[in-house]
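> Please find input13.cif (mmCIF, C-alpha atoms) on the next line:
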```cif
data_coords
#
loop_
_atom_site.label_atom_id
_atom_site.label_comp_id
_atom_site.auth_asym_id
_atom_site.auth_seq_id
_atom_site.Cartn_x
_atom_site.Cartn_y
_atom_site.Cartn_z
CA MET A 189 5.70 -19.23 -53.30
CA ARG A 190 2.22 -17.75 -53.39
CA ILE A 191 1.67 -15.05 -55.96
CA ASN A 192 1.62 -11.59 -54.44
CA ARG A 193 -0.62 -9.20 -56.35
CA LEU A 194 0.16 -5.51 -56.09
CA HIS A 195 -2.84 -3.29 -55.77
CA ILE A 196 -3.00 0.47 -55.82
CA VAL A 197 -4.46 2.56 -53.00
CA LEU A 198 -5.09 5.71 -54.98
CA LEU A 199 -6.30 4.25 -58.25
CA PHE A 200 -9.38 6.40 -58.30
CA VAL A 201 -7.55 9.62 -57.43
CA LEU A 202 -4.70 9.16 -59.86
CA LEU A 203 -6.43 7.62 -62.85
CA LEU A 204 -9.64 9.61 -63.31
CA ILE A 205 -7.96 12.53 -65.05
CA ALA A 206 -11.09 13.54 -66.92
CA THR A 207 -12.78 14.68 -63.71
CA GLY A 208 -16.48 15.38 -64.01
CA CYS A 209 -16.84 13.68 -67.38
CA TYR A 210 -20.10 11.71 -67.54
CA ALA A 211 -18.43 8.77 -69.28
CA VAL A 212 -15.94 8.51 -66.42
CA TYR A 213 -18.77 8.72 -63.90
CA LYS A 214 -20.47 5.78 -65.58
CA HIS A 215 -17.22 3.77 -65.32
CA VAL A 216 -16.80 4.67 -61.67
CA SER A 217 -20.38 3.71 -60.89
CA SER A 218 -19.65 0.16 -62.05
CA THR A 219 -17.09 -0.28 -59.27
CA THR A 220 -19.60 0.16 -56.43
CA ILE A 221 -20.39 -2.73 -54.10
CA ASP A 222 -22.90 -2.62 -51.25
CA LEU A 223 -21.10 -3.87 -48.13
CA ASP A 224 -24.38 -3.77 -46.21
CA ASN A 225 -25.43 -6.61 -48.50
CA SER A 226 -23.35 -9.16 -46.59
CA ILE A 227 -24.03 -12.35 -44.67
CA LEU A 228 -22.24 -12.18 -41.33
CA ASP A 229 -22.35 -13.86 -37.94
CA ARG A 230 -22.34 -10.70 -35.83
CA ASP A 231 -21.88 -12.58 -32.55
CA MET A 232 -18.73 -14.20 -33.92
CA LEU A 233 -17.46 -10.93 -35.35
CA ASP A 234 -17.94 -9.22 -32.00
CA SER A 235 -15.92 -11.96 -30.32
CA ILE A 236 -12.84 -11.06 -32.36
CA ARG A 237 -12.04 -8.06 -30.19
CA SER A 238 -10.51 -9.09 -26.88
CA GLN A 239 -10.54 -6.91 -23.76
CA GLU A 240 -6.84 -6.27 -24.29
CA GLU A 241 -7.51 -4.97 -27.81
CA ASN A 242 -10.33 -2.78 -26.50
CA GLU A 243 -7.98 -1.07 -24.07
CA ARG A 244 -4.77 -0.98 -26.13
CA PHE A 245 -5.38 2.39 -27.78
CA GLU A 246 -8.51 3.45 -25.96
CA ASP A 247 -7.53 7.12 -25.85
CA ALA A 248 -5.04 7.20 -28.72
CA ILE A 249 -7.28 8.18 -31.62
CA GLU A 250 -9.09 11.47 -32.04
CA GLU A 251 -11.86 11.83 -34.56
CA VAL A 252 -10.79 14.14 -37.38
CA GLU A 253 -13.49 14.49 -40.01
CA GLU A 254 -11.26 15.69 -42.79
CA ASP A 255 -8.78 12.80 -42.88
CA PHE A 256 -9.75 9.19 -43.49
CA TYR A 257 -8.51 5.61 -43.71
CA MET A 258 -8.74 3.28 -46.69
CA LEU A 259 -8.07 -0.45 -46.94
CA VAL A 260 -7.02 -2.12 -50.19
CA ILE A 261 -7.57 -5.90 -50.31
CA GLY A 262 -5.62 -7.64 -53.04
CA LEU A 263 -7.27 -10.94 -53.95
CA ASP A 264 -5.30 -13.77 -55.52
CA HIS A 265 -7.83 -15.74 -57.54
CA SER A 266 -5.72 -16.78 -60.50
CA ASP A 267 -6.00 -20.02 -62.41
CA SER A 268 -3.28 -21.61 -60.25
CA HIS A 269 -4.76 -20.34 -56.96
CA SER A 270 -8.47 -21.06 -56.66
CA GLY A 271 -8.64 -20.16 -52.94
CA MET A 272 -9.85 -16.86 -51.54
CA ASN A 273 -6.90 -15.88 -49.34
CA THR A 274 -5.62 -12.35 -49.79
CA ASP A 275 -2.03 -11.70 -50.79
CA THR A 276 -1.98 -7.93 -50.34
CA LEU A 277 -3.45 -5.82 -47.54
CA LEU A 278 -2.59 -2.15 -47.72
CA LEU A 279 -3.81 0.42 -45.20
CA ALA A 280 -3.71 4.10 -46.11
CA HIS A 281 -4.21 7.21 -43.99
CA VAL A 282 -5.15 10.03 -46.36
CA ILE A 283 -4.65 13.55 -44.97
CA PRO A 284 -6.04 16.18 -47.36
CA GLN A 285 -5.01 19.04 -45.06
CA SER A 286 -1.35 18.38 -45.90
CA ASN A 287 -1.98 16.58 -49.21
CA SER A 288 -0.19 13.54 -47.81
CA ILE A 289 -0.74 9.80 -47.58
CA LYS A 290 0.72 7.24 -45.20
CA LEU A 291 0.90 3.66 -46.46
CA LEU A 292 1.21 0.55 -44.32
CA SER A 293 1.63 -2.90 -45.88
CA ILE A 294 0.16 -5.50 -43.52
CA PRO A 295 2.05 -8.83 -43.59
CA ARG A 296 -0.22 -11.63 -44.77
CA ASP A 297 1.01 -13.85 -41.91
CA LEU A 298 0.11 -11.32 -39.20
CA ARG A 299 -1.48 -13.09 -36.24
CA VAL A 300 -5.08 -12.03 -35.60
CA THR A 301 -8.11 -13.61 -33.95
CA ASN A 302 -10.47 -15.40 -36.34
CA LEU A 303 -14.24 -15.87 -36.11
CA ARG A 304 -13.79 -18.96 -33.95
CA GLY A 305 -11.76 -17.01 -31.41
CA THR A 306 -8.47 -18.71 -32.28
CA ASP A 307 -5.22 -17.46 -33.79
CA ALA A 308 -5.19 -17.11 -37.57
CA LYS A 309 -3.28 -15.34 -40.33
CA VAL A 310 -4.82 -12.09 -41.44
CA ASN A 311 -4.78 -13.20 -45.09
CA SER A 312 -7.37 -15.87 -44.25
CA MET A 313 -10.04 -13.44 -43.06
CA PHE A 314 -11.51 -12.69 -46.49
CA ALA A 315 -11.89 -16.42 -47.12
CA SER A 316 -13.51 -16.87 -43.68
CA GLY A 317 -16.19 -14.29 -44.41
CA TYR A 318 -16.67 -15.49 -47.97
CA GLN A 319 -17.03 -19.14 -46.96
CA TYR A 320 -19.41 -18.33 -44.11
CA ALA A 321 -21.69 -16.52 -46.57
CA VAL A 322 -21.54 -19.45 -49.00
CA ARG A 323 -22.51 -21.92 -46.27
CA GLU A 324 -25.35 -19.78 -44.98
CA ALA A 325 -26.72 -19.13 -48.47
CA ARG A 326 -26.62 -22.85 -49.21
CA ASP A 327 -29.03 -23.46 -46.31
CA HIS A 328 -30.95 -20.20 -46.75
CA PRO A 329 -30.99 -19.25 -50.46
CA GLU A 330 -33.36 -16.38 -49.69
CA LEU A 331 -30.33 -14.51 -48.31
CA LEU A 332 -29.08 -13.98 -51.87
CA SER A 333 -30.34 -10.92 -53.73
CA GLY A 334 -29.30 -12.10 -57.18
CA LYS A 335 -26.80 -9.24 -57.55
CA LYS A 336 -23.50 -10.25 -59.12
CA VAL A 337 -19.97 -8.92 -58.82
CA LYS A 338 -17.49 -9.30 -61.69
CA LEU A 339 -13.77 -9.25 -60.94
CA GLY A 340 -11.62 -9.85 -63.98
CA GLN A 341 -12.81 -13.08 -65.56
CA PHE A 342 -14.75 -14.27 -62.49
CA THR A 343 -18.32 -13.55 -61.38
CA PHE A 344 -19.56 -13.96 -57.79
CA ALA A 345 -22.71 -13.37 -55.76
CA GLU A 346 -22.38 -9.89 -54.25
CA GLU A 347 -23.12 -11.27 -50.78
CA TYR A 348 -20.09 -13.55 -50.92
CA ILE A 349 -17.66 -10.79 -51.86
CA SER A 350 -19.12 -8.19 -49.50
CA SER A 351 -18.98 -10.68 -46.62
CA GLY A 352 -15.30 -11.31 -47.25
CA MET A 353 -14.56 -7.58 -47.49
CA VAL A 354 -16.45 -6.74 -44.28
CA THR A 355 -14.84 -9.56 -42.30
CA THR A 356 -11.37 -8.41 -43.40
CA ARG A 357 -12.12 -4.76 -42.72
CA GLU A 358 -13.56 -5.37 -39.27
CA THR A 359 -10.66 -7.62 -38.28
CA ILE A 360 -8.13 -4.92 -39.22
CA GLU A 361 -10.22 -2.19 -37.57
CA ARG A 362 -10.18 -4.12 -34.33
CA TYR A 363 -6.49 -4.97 -34.53
CA PHE A 364 -5.43 -1.36 -35.09
CA ASN A 365 -8.38 0.20 -33.25
CA ILE A 366 -9.28 2.55 -36.11
CA ASP A 367 -12.33 3.14 -38.26
CA ILE A 368 -11.77 2.36 -41.93
CA ASP A 369 -13.87 4.67 -44.08
CA TYR A 370 -13.50 3.00 -47.48
CA THR A 371 -12.60 -0.50 -48.58
CA PHE A 372 -11.32 -1.53 -52.01
CA LEU A 373 -11.05 -5.02 -53.46
CA VAL A 374 -8.76 -5.46 -56.45
CA SER A 375 -8.10 -8.60 -58.48
CA PHE A 376 -4.72 -9.66 -59.77
CA GLU A 377 -5.00 -8.48 -63.37
CA THR A 378 -4.69 -4.81 -62.37
CA LEU A 379 -0.95 -4.38 -61.96
CA THR A 380 0.34 -5.88 -65.19
CA SER A 381 -2.31 -4.15 -67.27
CA LEU A 382 -1.78 -0.74 -65.66
CA VAL A 383 2.00 -0.81 -65.97
CA ASP A 384 1.81 -1.88 -69.61
CA ALA A 385 -0.82 0.79 -70.31
CA VAL A 386 1.61 3.53 -69.23
CA ASP A 387 4.53 1.93 -71.09
CA GLY A 388 6.32 0.68 -67.98
CA ILE A 389 7.59 2.15 -64.72
CA GLU A 390 11.10 3.08 -63.63
CA ILE A 391 12.41 1.04 -60.69
CA ASP A 392 15.86 0.85 -59.10
CA VAL A 393 16.07 -2.91 -58.54
CA GLU A 394 18.21 -3.37 -55.45
CA ARG A 395 19.38 -6.96 -55.97
CA ARG A 396 19.36 -9.92 -58.28
CA MET A 397 16.13 -11.91 -58.15
CA GLU A 398 15.89 -15.40 -59.60
CA TYR A 399 13.06 -17.83 -58.99
CA ASP A 400 11.23 -20.50 -60.99
CA ALA A 401 7.77 -21.92 -60.26
CA PRO A 402 6.76 -23.89 -63.37
CA SER A 403 3.42 -24.93 -61.85
CA GLU A 404 2.48 -21.23 -61.72
CA ASN A 405 4.11 -20.37 -65.06
CA MET A 406 6.37 -17.98 -63.18
CA TYR A 407 10.02 -17.36 -64.03
CA ILE A 408 11.59 -14.37 -62.29
CA ARG A 409 14.82 -12.96 -63.73
CA LEU A 410 15.60 -9.46 -62.47
CA TYR A 411 19.01 -7.83 -62.15
CA PRO A 412 20.22 -4.83 -60.10
CA GLY A 413 20.07 -1.29 -61.42
CA LEU A 414 17.75 1.50 -62.49
CA GLN A 415 15.51 0.24 -65.30
CA VAL A 416 12.05 0.40 -66.83
CA LEU A 417 9.94 -2.63 -65.92
CA ASP A 418 7.01 -3.80 -67.99
CA GLY A 419 3.83 -5.15 -66.39
CA GLU A 420 5.02 -8.72 -65.94
CA GLN A 421 8.40 -7.62 -64.57
CA ALA A 422 6.73 -5.21 -62.13
CA LEU A 423 4.55 -8.06 -60.90
CA GLN A 424 7.62 -10.26 -60.51
CA TYR A 425 9.36 -7.53 -58.54
CA ALA A 426 6.32 -7.24 -56.26
CA ARG A 427 5.80 -10.97 -55.81
CA PHE A 428 9.45 -12.02 -55.29
CA ARG A 429 10.10 -13.81 -52.00
CA LYS A 430 12.01 -17.04 -52.60
CA ASP A 431 15.20 -17.46 -54.63
CA ASN A 432 16.54 -20.48 -56.53
CA ARG A 433 19.93 -20.00 -54.88
CA GLY A 434 18.72 -20.87 -51.39
CA GLU A 435 17.53 -19.34 -48.11
CA ALA A 436 20.42 -16.87 -47.88
CA TYR A 437 18.96 -15.13 -50.96
CA HIS A 438 15.28 -15.24 -49.92
CA SER A 439 13.30 -12.06 -49.20
CA ASN A 440 10.81 -11.68 -46.36
CA ASP A 441 7.28 -10.23 -46.32
CA PHE A 442 8.47 -6.95 -44.79
CA GLU A 443 10.92 -6.35 -47.66
CA ARG A 444 8.28 -7.36 -50.15
CA GLY A 445 5.83 -4.88 -48.64
CA LEU A 446 8.36 -2.09 -49.14
CA ARG A 447 8.86 -3.16 -52.77
CA GLN A 448 5.09 -3.03 -53.26
CA GLN A 449 5.07 0.54 -52.03
CA GLN A 450 8.07 1.35 -54.26
CA VAL A 451 6.07 0.17 -57.27
CA ILE A 452 3.04 2.16 -56.09
CA THR A 453 5.13 5.31 -55.90
CA ALA A 454 6.60 4.72 -59.36
CA LEU A 455 3.15 4.10 -60.83
CA VAL A 456 1.75 7.17 -59.08
CA HIS A 457 4.55 9.27 -60.62
CA LYS A 458 3.85 7.91 -64.10
CA LEU A 459 0.09 8.28 -63.85
CA THR A 460 0.14 11.82 -62.50
CA SER A 461 2.30 12.93 -65.44
CA TRP A 462 0.06 11.20 -67.98
CA ASN A 463 -1.94 13.57 -70.17
CA SER A 464 -3.34 11.36 -72.92
CA LEU A 465 -7.14 11.34 -72.88
CA PRO A 466 -7.46 8.10 -74.93
CA LYS A 467 -5.03 6.41 -72.55
CA THR A 468 -6.99 7.75 -69.60
CA PHE A 469 -10.10 5.88 -70.67
CA GLU A 470 -8.07 2.73 -71.30
CA ILE A 471 -6.71 2.99 -67.77
CA VAL A 472 -10.16 3.63 -66.33
CA ASP A 473 -11.40 0.49 -68.11
CA ILE A 474 -8.58 -1.56 -66.56
CA VAL A 475 -9.31 -0.28 -63.08
CA THR A 476 -13.09 -0.52 -63.11
CA SER A 477 -13.09 -4.09 -64.44
CA ASN A 478 -10.88 -5.23 -61.57
CA LEU A 479 -12.01 -3.02 -58.67
CA LYS A 480 -14.92 -3.01 -56.23
CA THR A 481 -15.40 -0.44 -53.48
CA ASP A 482 -17.97 0.88 -51.02
CA MET A 483 -16.96 4.47 -51.87
CA ALA A 484 -19.86 6.19 -53.61
CA PRO A 485 -19.14 7.43 -57.16
CA GLY A 486 -19.92 11.01 -56.21
CA THR A 487 -17.50 10.84 -53.27
CA MET A 488 -14.83 9.36 -55.50
CA LEU A 489 -15.10 12.09 -58.11
CA SER A 490 -15.24 14.82 -55.47
CA MET A 491 -12.04 13.44 -53.99
CA VAL A 492 -10.42 13.44 -57.40
CA LYS A 493 -11.32 17.09 -57.83
CA ALA A 494 -10.02 17.97 -54.37
CA LEU A 495 -6.74 16.02 -54.46
CA TYR A 496 -5.66 15.64 -58.07
CA GLY A 497 -2.42 17.46 -58.76
CA LYS A 498 -1.81 18.17 -55.06
CA ILE A 499 -0.33 14.85 -53.95
CA ASN A 500 3.08 13.93 -55.30
CA THR A 501 5.55 11.18 -54.47
CA ASP A 502 7.25 13.37 -51.85
CA HIS A 503 4.02 13.30 -49.85
CA ILE A 504 3.56 9.52 -49.87
CA TYR A 505 5.12 7.98 -46.78
CA SER A 506 5.79 4.25 -46.43
CA LEU A 507 5.63 3.03 -42.83
CA PRO A 508 7.75 -0.05 -42.03
CA PHE A 509 5.89 -2.80 -40.20
CA PRO A 510 7.62 -3.72 -36.90
CA GLY A 511 6.56 -7.38 -36.61
CA GLN A 512 8.73 -10.39 -35.88
CA TRP A 513 8.46 -13.85 -37.39
CA GLN A 514 7.45 -16.49 -34.85
CA SER A 515 6.42 -19.49 -36.93
CA PRO A 516 3.80 -19.71 -38.27
CA PHE A 517 2.86 -16.08 -37.61
CA VAL A 518 4.14 -12.52 -37.73
CA VAL A 519 3.62 -11.07 -34.24
CA VAL A 520 3.97 -7.54 -32.89
CA ASP A 521 4.59 -6.62 -29.26
CA ASP A 522 2.32 -3.98 -27.74
CA GLU A 523 5.01 -1.31 -27.47
CA SER A 524 6.02 -1.60 -31.13
CA LEU A 525 2.39 -1.62 -32.24
CA GLU A 526 1.65 1.48 -30.22
CA GLU A 527 4.63 3.30 -31.78
CA LEU A 528 3.46 2.27 -35.23
CA MET A 529 -0.06 3.51 -34.54
CA GLU A 530 1.21 6.84 -33.26
CA GLN A 531 2.96 7.33 -36.61
CA LEU A 532 -0.03 6.11 -38.63
CA ILE A 533 -2.73 8.19 -36.95
CA SER A 534 -0.66 11.36 -36.55
CA MET A 535 -1.54 14.24 -38.83
CA ASP A 536 2.16 15.05 -39.13
CA PRO A 537 4.72 13.40 -41.46
CA PRO A 538 6.24 10.30 -39.87
CA ASP A 539 9.70 10.40 -38.31
CA LEU A 540 11.09 7.40 -40.15
CA ALA A 541 14.62 8.06 -38.94
CA SER A 542 13.83 7.42 -35.28
#
```
What do you get writing this file as structure tokens?

Amino acid sequence: MRINRLHIVLLFVLLLIATGCYAVYKHVSSTTIDLDNSILDRDMLDSIRSQEENERFEDAIEEVEEDFYMLVIGLDHSDSHSGMNTDTLLLAHVIPQSNSIKLLSIPRDLRVTNLRGTDAKVNSMFASGYQYAVREARDHPELLSGKKVKLGQFTFAEEYISSGMVTTRETIERYFNIDIDYTFLVSFETLTSLVDAVDGIEIDVERRMEYDAPSENMYIRLYPGLQVLDGEQALQYARFRKDNRGEAYHSNDFERGLRQQQVITALVHKLTSWNSLPKTFEIVDIVTSNLKTDMAPGTMLSMVKALYGKINTDHIYSLPFPGQWQSPFVVVDDESLEELMEQLISMDPPDLAS
């Protein structure tokens, strides 16, 4: 089982409690990455969008300046997983007019079109962009600016990371036919550190979860009931998919996506009630050392000022993904995708009962 890293859409809104403080601004500034500083094959990127995708929602989306879309890319680059595939892709529609947010967890096995024009899993798109930049820079070292990006314990050329982020963003934009305004990349250390920093989160665990993966130093033992999970337990809850007891006890990516959003909501609740200034700076340190984004620091702090205290857990809506498993991909028929997009792009709360 690949490790699934939970990453938080509204980190910057919910954590920067000391709005306007210069020290916070300096922390936020360190998260900025220039996505224009990427190495991309534009002809290949343009080939991703098929005529069918061009027409699918041609008239469905109206431009509304006040609301916006964000993409969170969760990168699994732990010691036991040296690849650059993504394990978490979370799309958010933020609607300040109603102080609401719609969250959509994108299955990592979702079938998309890769840069070669063939079917691929969406979680491979970051690696495709990253590896393309590495190959090009190897032959043309002048493409590298010398800027570095630090994520957790790892350091990369900025061009490699920005290329992976842009390739992922553009693939998802084309699939859903939307414009993503801001992109965030988060490394795996974030969840455990954040949950521990706020002394745990309360989760109603719906079932027993038991799984061992010695090669990954992972031993999941969770039992049903309302309880406070520490950082490692929260990560286990988010990453759980297989069970020692056999296939009848396994969990699929759709269920796991909903658990991710459950943890997000619990963490949002804990963070918005947090009023310890020393803890605030500890949390900011955790986030900024594991986060890169193309959102400008000034925009980020303005958003904090505009939204902080106005969004609560009742205004965070989790949209279920309608895909079906057809090995080796998750696929979505056009009708189901159109219904999902109508819910996602609407300015109104989703009708999750229909």
> Evaluate the PyMOL selection byres ((chain A and resi 295) around 12) here and jot the selected residues down as a PyMOL selection string.
chain A and resi 192+274-279+292-294+296-300+309-312+360+440-446+448+508-513+517-520
> For this file, the PyMOL selection byres ((chain A and resi 318) around 6) selects which residues, as a ChimeraX atom specification?
/A:315-317,319-321,348,351-352
> What does the distance from CA of Leu459 in chain A to CA of Gln531 in chain A come to in Å, to one decimal?
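Separating CA of Leu459 in chain A from CA of Gln531 in chain A is a distance of 27.4 Å.
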> Could you jot down the CA of Leu455 in chain A to CA of Asn273 in chain A separation for me, Å, one decimal place?
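So the answer is 25.1 Å.
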> Identify which of the residues A:Met529, A:Asp473, A:Glu324, A:Val354 lies closest to Asp369 in chain A, counting all atoms listed in the file when measuring atom-to-atom distances.
A:Val354
> Could you work out an axis-aligned bounding box for all listed atoms of range 516-525 of chain A, with 8 Å added on each of the six sides, and give its centre and edge lengths in Å to one decimal, as lines of an AutoDock Vina configuration file?

```
center_x = 4.2
center_y = -10.5
center_z = -32.9
size_x = 19.7
size_y = 34.4
size_z = 26.8
```
> Apply the PyMOL selection byres ((chain A and resi 476) around 8) to the file shown and report the selected residues as a short mmCIF file (atom, residue, chain, number, x, y, z; two decimals) with C-alpha atoms, keeping the file's coordinate frame.

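Contents of selection-v2.cif, as written:
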```
data_model
loop_
_atom_site.label_atom_id
_atom_site.label_comp_id
_atom_site.auth_asym_id
_atom_site.auth_seq_id
_atom_site.Cartn_x
_atom_site.Cartn_y
_atom_site.Cartn_z
CA HIS A 215 -17.22 3.77 -65.32
CA VAL A 216 -16.80 4.67 -61.67
CA SER A 218 -19.65 0.16 -62.05
CA THR A 219 -17.09 -0.28 -59.27
CA VAL A 472 -10.16 3.63 -66.33
CA ASP A 473 -11.40 0.49 -68.11
CA ILE A 474 -8.58 -1.56 -66.56
CA VAL A 475 -9.31 -0.28 -63.08
CA SER A 477 -13.09 -4.09 -64.44
CA ASN A 478 -10.88 -5.23 -61.57
CA LEU A 479 -12.01 -3.02 -58.67
CA LYS A 480 -14.92 -3.01 -56.23
#
```
> State, in Å with one decimal place, the distance from CA of Ile349 in chain A to CA of Leu332 in chain A.
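That distance, rounded to one decimal, is 11.9 Å.
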> Env of Tyr437 in chain A: 12 Å cut, atoms = only C-alpha atoms, seq-sep filter 6 positions within chain, self excluded. Answer as a list in words.
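The neighbour list is Arg395, Arg396, Met397, Glu398, Tyr399, Phe428, Arg429, Lys430 and Asp431 of chain A.
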> Out of A:Leu382, A:Ala325, A:Ala308, A:Val456, which residue has the shortest atom-to-atom distance to Ile504 in chain A when counting only C-alpha atoms?
A:Val456
> A:Ile283, A:His457, A:Leu263, A:Asp522: which is nearest Thr356 in chain A, counting only C-alpha atoms?
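Closest residue, counting only C-alpha atoms: A:Leu263.
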> Rank A:Thr380, A:Thr481, A:Ile533, A:Lys498 by their smallest atom-to-atom distance to Pro284 in chain A, using only C-alpha atoms, and report the top residue only.
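Among the listed residues, A:Lys498 lies closest to Pro284 in chain A.
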> Once you count all atoms listed in the file, which residues end up no further than 12 Å from (2.2, 13.5, -40.0) in the file's frame, shown as a ChimeraX atom specification?
/A:255,281-291,503-507,529-540
> Can you pull out the residues contacting Ile368 in chain A? Cut-off 8 Å, using all atoms listed in the file, and skip same-chain residues under 4 positions away; I want them as a ChimeraX atom specification.
/A:256-259,357,361
> For Tyr370 in chain A, which residue among A:Met491, A:Val260, A:Leu525, A:Ile452 is the nearest when counting only C-alpha atoms?
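Residue with the minimum atom-to-atom distance to Tyr370 in chain A: A:Val260.
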> Which residue, A:Ser524, A:Thr453, A:Gln421, A:Thr487, has the smallest gap to Ser381 in chain A when you use all atoms listed in the file?
A:Gln421
